[in-house]
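Peer 1: Pasting a structure below so you can have a look.
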Amino acid sequence: MTTYTKPHLAFADQVGLLKRRGLIIDDEAEAEHLLSVVGYYRLSGYWYSYRRRLDGANRADEFVEGTTFRQIVQLYDADRRLKLHVLDALERIEIGVRVMIGFTLERRGAYAHLDGRNLDGRFTQSGGGRPSTYDRWLHKVLTAQGRSSEDFVLHFQHKYDGRLRVWVMTEILDFGSMSYLIQGLKAQDRNEIAARLGILDRHDDGNGGALANWLRVLNYIRNVCAHHSRLWNRNLADQIAPRHLRSIPDLRHLTDRHVSHFRIYSTLCIVAFLLARIGQGPRWVARVGQLINHEIPACGRRIQELGFPSGWLAEQPWVGLRGGSGWT
């Protein structure tokens with residue numbers, strides 16, 4: 001095991017180190033200030049791609065000739081605004097899917113979520129003396145309910161027996177709990193919600209498996225954005241499953257072998273598709289397209305590093321712009 005031996009450096013010394021490694025810094029005072037409020041380590045995730053490449057995947061400490069500190073800050077800011085766009089979209093998707101879950105599940109009973117018989121057996125099954133996924137999910141939801149100070153929660157606690165109806169319960173779900181509940185719905189209910197969102201299999205039936213996969217990936221992406229981690233050039237731990245995409249015309253191009261699902265492009269296409277199905281897509285797509293089209297190249301970077309296809313700037317195969325909502 002290697003012991004960490006790098007010395008502590010004052011911000012001014014960090015600027016000096018970057019300059020010695022070939023980074024062009026026109027305004028040292030500004031660079032020192034940005035390092036003091038953003039951090040050397042955080043920015044290093046953005047300047048890594050600007051470092052001189054060695055053999056294989058390794059890079060030298062020195063920067064590619066001509067690289068400027070301003071380019072790196074510009075890339076950091078573009079990534080920050082991309083994450084804000086993604087969070088805005090995920091909020092809209094989350095709210096829409098919550099409504100669909102509440103509407104669909106309540107047909108099985110006002111308190112259907114409190115009875116495991118209304119859910120998928122794999123979700124409610126326990127083994128080896130360990131609680132089921134449903135047990136852990138319900139514990140988290142009831143804990144959130146107990147901690148909530150929302151007026152509607154307090155109203156049900158004071159006026160009734162404290163149990164929340166399904167359509168009220170969905171309002172206190174975070175994205176992670178919602179994605180778990182989608183996985184735990186009976187296949188019929190999960191497929192019905194998927195069909196309303198235009199997520200269809202090769203038989204033109206709702207594909208609940210695809211919806212569950214998408215929401216799991218979107219929950220991961222939401223956590224990346226909410227915790228201010230780097231989305232730019234990131235290898236995603238959870239990826240969109242391409243097997244679900246061939247039967248959806250707007251997303252079929254994502255099954256091309258040249259499309260990498262380890263980067264953000266295919267997930268952005270999924271987001272655009274879902275936004276369009278709840279009637280809120282075109283403006284968001286235009287804003288993100290503007291950022292990708294102009295600001296990423298202005299930083300001296302290639303959009304392929306985000307997983308965008310080589311011909312995207314010319315073709316722009318954004319999806320889901322036909323409008324209309326699958327919610328009927």
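A note on labels: chains of the structure tokens are A, B, ... as shown, every chain counts residues from 1, and ligands are counted from 1 in their shown order.
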For Arg147 of chain A, find every residue with an atom within 12 Å (counting only C-alpha atoms), except residues of its own chain fewer than 6 positions away, and show them as a PyMOL selection string.

Peer 2: chain A and resi 140-141+153-154+157+172

Peer 1: To test your reading of the structure, identify every residue in segment 66-294 of chain A that backbone DSSP assigns to strand (DSSP E or B), and report it as a ChimeraX atom specification.

Peer 2: /A:68,119,127,130,185,200,206,278

Peer 1: Hey, what does DSSP flag as alpha helix (DSSP H) within segment 199-301 of chain A? Can you give it to me as number ranges by chain?

Peer 2: A: 208-226, 265-277, 282-290, 296-298
